[in-house]
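Shown below: my_file_19.txt, with compact mmCIF, C-alpha atoms.
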```txt
# COMPACT_ATOMS: atom_id res chain seq x y z
CA MET A 897 -30.67 224.39 233.55
CA SER A 898 -31.82 225.68 236.88
CA GLN A 899 -32.37 223.65 240.04
CA SER A 900 -36.19 223.91 239.77
CA GLN A 901 -36.19 222.48 236.23
CA THR A 902 -34.09 219.50 237.34
CA SER A 903 -36.50 218.79 240.22
CA SER A 904 -39.55 218.97 237.97
CA GLU A 905 -37.93 216.62 235.44
CA ARG A 906 -37.27 214.07 238.17
CA ALA A 907 -40.88 214.29 239.33
CA GLU A 908 -42.09 213.22 235.88
CA VAL A 909 -40.70 209.70 236.38
CA SER A 910 -43.24 207.59 238.25
CA PHE A 911 -43.23 203.93 239.20
CA CYS A 912 -45.68 201.05 239.10
CA PRO A 913 -46.52 199.88 242.65
CA PHE A 914 -46.62 196.26 241.43
CA CYS A 915 -43.63 195.75 239.11
CA HIS A 916 -41.59 198.79 240.26
CA GLU A 917 -40.81 199.77 236.67
CA GLY A 918 -40.25 203.47 236.07
CA PHE A 919 -42.11 205.40 233.37
CA GLU A 920 -41.56 208.96 232.24
CA GLY A 921 -44.54 211.13 231.37
CA ARG A 922 -47.21 208.46 232.00
CA LEU A 923 -49.99 208.22 234.54
CA GLU A 924 -50.50 204.45 234.66
CA CYS A 925 -48.48 201.28 234.08
CA PRO A 926 -49.06 200.00 230.53
CA GLU A 927 -48.80 196.37 231.62
CA HIS A 928 -50.69 196.38 234.93
CA GLU A 929 -52.99 199.40 234.38
CA LEU A 930 -52.22 200.74 237.86
CA THR A 931 -51.76 204.40 238.71
CA LEU A 932 -48.06 205.27 238.85
CA ILE A 933 -46.64 206.72 242.05
CA PRO A 934 -43.45 208.66 242.96
CA ILE A 935 -40.43 206.64 244.04
CA ASP A 936 -40.68 207.68 247.68
CA GLU A 937 -44.16 206.13 247.91
CA LEU A 938 -43.09 202.71 246.62
CA PRO A 939 -43.60 199.92 249.15
CA ARG A 940 -40.37 198.65 250.70
CA HIS A 941 -39.34 195.02 250.43
CA ALA A 942 -37.76 194.56 253.83
CA ASP A 943 -40.57 192.21 254.84
CA ARG A 944 -40.47 190.31 251.56
CA ARG A 945 -39.94 186.58 251.93
CA LEU A 946 -36.49 185.42 250.90
CA ASP A 947 -36.74 182.75 248.21
CA ARG A 948 -33.15 182.45 247.04
CA VAL A 949 -29.64 183.10 248.30
CA ALA A 950 -26.87 184.16 245.96
CA PHE A 951 -23.80 183.58 248.09
CA PHE A 952 -22.56 180.03 248.79
CA VAL A 953 -21.94 180.54 252.52
CA ASP A 954 -25.09 182.59 253.17
CA PRO A 955 -26.49 181.17 256.44
CA ARG A 956 -30.07 182.29 255.78
CA LEU A 957 -32.84 179.84 254.86
CA GLY A 958 -31.55 177.25 257.30
CA ARG A 959 -28.20 176.87 255.53
CA GLY A 960 -26.08 177.83 258.56
CA ALA A 961 -26.32 174.51 260.42
CA PRO A 962 -25.27 172.24 257.51
CA LEU A 963 -22.49 174.68 256.64
CA LEU A 964 -21.23 174.77 260.23
CA GLY A 965 -21.59 171.00 260.52
CA ALA A 966 -19.59 170.31 257.37
CA ALA A 967 -16.86 172.72 258.49
CA LEU A 968 -16.65 171.06 261.92
CA VAL A 969 -16.38 167.60 260.36
CA LEU A 970 -13.59 168.64 258.00
CA LEU A 971 -11.74 170.37 260.83
CA GLY A 972 -12.22 167.40 263.15
CA PHE A 973 -10.80 165.09 260.50
CA ILE A 974 -7.41 166.81 260.54
CA VAL A 975 -6.95 167.57 264.26
CA PRO A 976 -5.92 164.92 266.84
CA PHE A 977 -8.54 162.18 266.97
CA VAL A 978 -7.36 159.41 269.28
CA ARG A 979 -4.54 158.79 271.74
CA SER A 980 -3.29 155.54 273.14
CA SER A 981 -0.42 154.86 275.52
CA GLN A 982 2.33 156.13 273.25
CA LEU A 983 0.51 157.03 270.06
CA GLU A 984 -1.60 160.00 269.00
CA ALA A 985 -3.28 160.12 265.59
CA THR A 986 -5.62 162.24 263.53
CA ALA A 987 -8.60 160.73 261.76
CA VAL A 988 -6.71 161.12 258.48
CA GLU A 989 -3.89 158.95 259.82
CA VAL A 990 -6.35 156.38 261.17
CA ALA A 991 -8.11 156.25 257.80
CA ILE A 992 -4.82 155.86 255.93
CA ASP A 993 -3.56 153.18 258.33
CA GLY A 994 -6.42 150.79 257.78
CA ALA A 995 -9.80 152.23 258.76
CA GLY A 996 -10.77 153.00 255.18
CA ASN A 997 -14.44 153.32 256.05
CA LEU A 998 -13.59 156.49 257.99
CA TRP A 999 -13.20 158.30 254.65
CA PHE A 1000 -17.00 158.28 254.37
CA THR A 1001 -17.27 160.83 257.19
CA PRO A 1002 -15.46 163.71 255.42
CA GLY A 1003 -17.04 162.46 252.20
CA ALA A 1004 -20.45 163.14 253.73
CA ALA A 1005 -19.28 166.63 254.74
CA ILE A 1006 -18.08 167.34 251.21
CA ALA A 1007 -21.42 166.09 249.84
CA LEU A 1008 -23.18 168.48 252.25
CA LEU A 1009 -21.08 171.33 250.87
CA TRP A 1010 -21.97 170.23 247.35
CA ILE A 1011 -25.68 170.38 248.22
CA LEU A 1012 -25.17 173.88 249.62
CA TRP A 1013 -23.34 174.87 246.44
CA GLN A 1014 -26.04 173.51 244.11
CA ARG A 1015 -29.19 174.31 246.04
CA ARG A 1016 -29.75 178.03 246.48
CA GLY A 1017 -33.54 178.32 246.11
CA ARG A 1018 -36.02 177.73 248.93
CA ASP A 1019 -37.88 174.92 247.15
CA THR A 1020 -34.75 173.08 246.01
CA MET A 1021 -33.34 173.23 249.53
CA ARG A 1022 -36.56 171.85 251.00
CA ALA A 1023 -36.38 168.99 248.52
CA ALA A 1024 -32.90 168.13 249.83
CA ARG A 1025 -33.81 167.93 253.53
CA VAL A 1026 -33.83 164.13 253.57
CA ALA A 1027 -30.52 164.06 251.73
CA VAL A 1028 -28.94 166.36 254.34
CA LEU A 1029 -30.28 164.14 257.14
CA GLY A 1030 -29.10 161.00 255.37
CA LEU A 1031 -25.63 162.37 254.76
CA ALA A 1032 -25.27 163.47 258.38
CA LEU A 1033 -26.35 160.08 259.71
CA GLY A 1034 -24.37 158.29 257.00
CA GLY A 1035 -21.25 160.16 258.08
CA LEU A 1036 -21.88 159.26 261.71
CA LEU A 1037 -22.12 155.49 261.19
CA PRO A 1038 -18.54 154.87 259.98
CA LEU A 1039 -17.31 157.09 262.78
CA ILE A 1040 -19.12 155.01 265.39
CA TYR A 1041 -17.94 151.77 263.77
CA THR A 1042 -14.30 152.88 263.67
CA CYS A 1043 -14.37 154.07 267.28
CA ARG A 1044 -15.84 150.74 268.36
CA ARG A 1045 -13.16 148.81 266.44
CA ILE A 1046 -10.37 150.92 267.95
CA SER A 1047 -11.80 150.36 271.44
CA LEU A 1048 -12.01 146.59 270.93
CA VAL A 1049 -8.42 146.38 269.65
CA ALA A 1050 -7.21 148.51 272.57
CA VAL A 1051 -8.99 146.30 275.10
CA ALA A 1052 -7.57 143.16 273.45
CA HIS A 1053 -4.04 144.57 273.82
CA GLY A 1054 -4.60 145.96 277.32
CA ALA A 1055 -4.20 149.60 276.25
CA THR A 1056 -6.29 152.61 277.13
CA VAL A 1057 -7.79 154.90 274.53
CA ASP A 1058 -8.46 158.61 274.93
CA TRP A 1059 -10.76 160.26 272.43
CA LEU A 1060 -9.54 163.71 271.50
CA VAL A 1061 -11.10 166.86 270.10
CA GLY A 1062 -11.20 165.58 266.50
CA LEU A 1063 -13.80 162.95 267.33
CA TRP A 1064 -15.98 165.40 269.24
CA LEU A 1065 -15.79 168.01 266.49
CA MET A 1066 -16.91 165.48 263.89
CA VAL A 1067 -19.73 164.15 266.08
CA ALA A 1068 -20.91 167.69 266.87
CA GLY A 1069 -20.82 168.70 263.20
CA LEU A 1070 -22.79 165.67 262.07
CA LEU A 1071 -25.35 166.02 264.86
CA VAL A 1072 -25.85 169.73 264.16
CA SER A 1073 -26.43 168.95 260.49
CA ALA A 1074 -28.80 166.08 261.27
CA LEU A 1075 -30.84 167.87 263.91
CA ARG A 1076 -31.24 171.05 261.88
CA SER A 1077 -31.88 169.33 258.54
CA ARG A 1078 -35.63 169.82 258.88
CA ARG A 1079 -35.05 173.61 258.84
CA PHE A 1080 -33.05 173.47 255.60
CA GLY A 1081 -34.76 175.81 253.15
CA SER A 1082 -36.98 177.61 255.64
CA SER A 1083 -36.74 180.99 257.24
CA ARG A 1084 -37.33 181.68 260.90
```

Write out the structure in this file as structure tokens.
Amino acid sequence: MSQSQTSSERAEVSFCPFCHEGFEGRLECPEHELTLIPIDELPRHADRRLDRVAFFVDPRLGRGAPLLGAALVLLGFIVPFVRSSQLEATAVEVAIDGAGNLWFTPGAAIALLWILWQRRGRDTMRAARVAVLGLALGGLLPLIYTCRRISLVAVAHGATVDWLVGLWLMVAGLLVSALRSRRFGSSR
């Protein structure tokens, strides 16, 4: 076969401008009754609206803020959280030592990750906006309550309390998720 025969055979395959199906030896699409065009004249889809993400950590469609927020909360839960005169503890240690309600904060972050895992389509993400907001605020409440309790106990015993990076990471993660929840499922 010569080079010119190969080129002419390739030219016989044309594509429907609507469904992008290829047909050999035809002039119009059998389903849409549109004139077929060569592949280089097909419209590009770069401006096509994104309706679904395939990858779990894809930040498009407003998924970046809840993902970042959940990661910050989980990181903040394991780094130093509070320091008193002679004691420094992570949020995990505080939760184990008696502040059981503090487990709701990483629980909210895990639930956020579950929503991101389950909801990949634009419409399903939009339907979960209130849930993302509720989880972010629901994770913030036990954090505030625990910090208030620790402060009251410290004042009663005449100790000083320093809040460390763990608290601020968790607060930042929950606030980012809450404030950006209205953008969940939307493109820029």

**OP:** Just the residues within 12 Å of Leu1070 in chain A, please, counting only C-alpha atoms, with nothing from its chain fewer than 6 positions along; format it as number ranges by chain.
**Re:** A: 961-970, 972, 1001-1006, 1008, 1028-1040, 1063-1064, 1076-1077

Original post:
What is the distance, in Å and to one decimal place, between CA of Arg948 in chain A and CA of Gly1069 in chain A?
Top reply: 24.5 Å

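Note that CA of Leu957 in chain A and CA of Ser1083 in chain A are 4.7 Å apart.
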
Original post:
What does the distance between CA of Ile974 in chain A and CA of Gly1062 in chain A come to in Å, to one decimal place?
Top reply: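 Result for CA of Ile974 in chain A versus CA of Gly1062 in chain A: 7.2 Å, one decimal.
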
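With only the atoms specified (only C-alpha atoms) counting, those residues at most 10 Å away from (-36.0, 183.6, 248.3) are Arg944, Arg945, Leu946, Asp947, Arg948, Val949, Ala950, Arg956, Leu957, Arg1016, Gly1017, Arg1018, Asp1019, Gly1081, Ser1082 and Ser1083 of chain A.
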
Subject >> Spatial neighbours of Leu932 in chain A, 7 Å, all atoms listed in the file, chain gap at least 3 places, as a list of chain:residue names >> reply: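 Everything that qualifies: A:Ser910, A:Phe911, A:Cys912, A:Pro913, A:Leu923, A:Glu924, A:Cys925.
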
Original post:
Val1057 in chain A: which residues within 9 Å, counting all atoms listed in the file, same-chain residues fewer than 2 positions away excluded, as a PyMOL selection string?
Top reply: chain A and resi 978-981+1046-1047+1050-1051+1055+1059

Generate the output file for the selected residues, C-alpha atoms, as a PDB file, keeping the file's coordinate frame.
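Written out: selection.pdb:
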```
ATOM      1  CA  VAL A 978      -7.360 159.410 269.280  1.00  0.00           C
ATOM      2  CA  ARG A 979      -4.540 158.790 271.740  1.00  0.00           C
ATOM      3  CA  SER A 980      -3.290 155.540 273.140  1.00  0.00           C
ATOM      4  CA  SER A 981      -0.420 154.860 275.520  1.00  0.00           C
ATOM      5  CA  ILE A1046     -10.370 150.920 267.950  1.00  0.00           C
ATOM      6  CA  SER A1047     -11.800 150.360 271.440  1.00  0.00           C
ATOM      7  CA  ALA A1050      -7.210 148.510 272.570  1.00  0.00           C
ATOM      8  CA  VAL A1051      -8.990 146.300 275.100  1.00  0.00           C
ATOM      9  CA  ALA A1055      -4.200 149.600 276.250  1.00  0.00           C
ATOM     10  CA  TRP A1059     -10.760 160.260 272.430  1.00  0.00           C
TER      11      TRP A1059
END
```

Subject >> Nearest to Arg1079 in chain A by atom-to-atom distance, counting only C-alpha atoms, from A:Trp999, A:Cys915, A:Ala1024, A:Glu937 >> reply: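 Under the stated criterion, the closest residue is A:Ala1024.
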
Subject >> Closest of A:Gly918, A:Gly960, A:Pro955, A:Pro976 to Val1072 in chain A - atom-to-atom distances counting only C-alpha atoms >> reply: A:Gly960

Subject >> Residue nearest Phe951 in chain A - candidates A:Val909, A:Ile992, A:Ala987, A:Leu1012, atoms counted: all atoms listed in the file >> reply: A:Leu1012

As a short mmCIF file (atom, residue, chain, number, x, y, z; two decimals), keeping the file's coordinate frame, could you write out range 1036-1047 of chain A once it has been completed with N, CA and C atoms?
```cif
data_model
loop_
_atom_site.label_atom_id
_atom_site.label_comp_id
_atom_site.auth_asym_id
_atom_site.auth_seq_id
_atom_site.Cartn_x
_atom_site.Cartn_y
_atom_site.Cartn_z
N LEU A 1036 -22.03 159.65 260.31
CA LEU A 1036 -21.88 159.26 261.71
C LEU A 1036 -21.64 157.77 261.88
N LEU A 1037 -22.24 156.95 261.05
CA LEU A 1037 -22.12 155.49 261.19
C LEU A 1037 -20.69 154.98 261.05
N PRO A 1038 -19.92 155.36 260.03
CA PRO A 1038 -18.54 154.87 259.98
C PRO A 1038 -17.69 155.40 261.13
N LEU A 1039 -18.03 156.54 261.63
CA LEU A 1039 -17.31 157.09 262.78
C LEU A 1039 -17.54 156.24 264.02
N ILE A 1040 -18.78 155.88 264.25
CA ILE A 1040 -19.12 155.01 265.39
C ILE A 1040 -18.46 153.65 265.22
N TYR A 1041 -18.54 153.08 264.03
CA TYR A 1041 -17.94 151.77 263.77
C TYR A 1041 -16.44 151.78 263.99
N THR A 1042 -15.75 152.79 263.51
CA THR A 1042 -14.30 152.88 263.67
C THR A 1042 -13.92 153.05 265.13
N CYS A 1043 -14.65 153.88 265.85
CA CYS A 1043 -14.37 154.07 267.28
C CYS A 1043 -14.57 152.76 268.05
N ARG A 1044 -15.59 152.03 267.70
CA ARG A 1044 -15.84 150.74 268.36
C ARG A 1044 -14.71 149.76 268.05
N ARG A 1045 -14.27 149.71 266.81
CA ARG A 1045 -13.16 148.81 266.44
C ARG A 1045 -11.89 149.18 267.17
N ILE A 1046 -11.57 150.47 267.25
CA ILE A 1046 -10.37 150.92 267.95
C ILE A 1046 -10.46 150.55 269.43
N SER A 1047 -11.62 150.72 270.03
CA SER A 1047 -11.80 150.36 271.44
C SER A 1047 -11.62 148.87 271.67
#
```
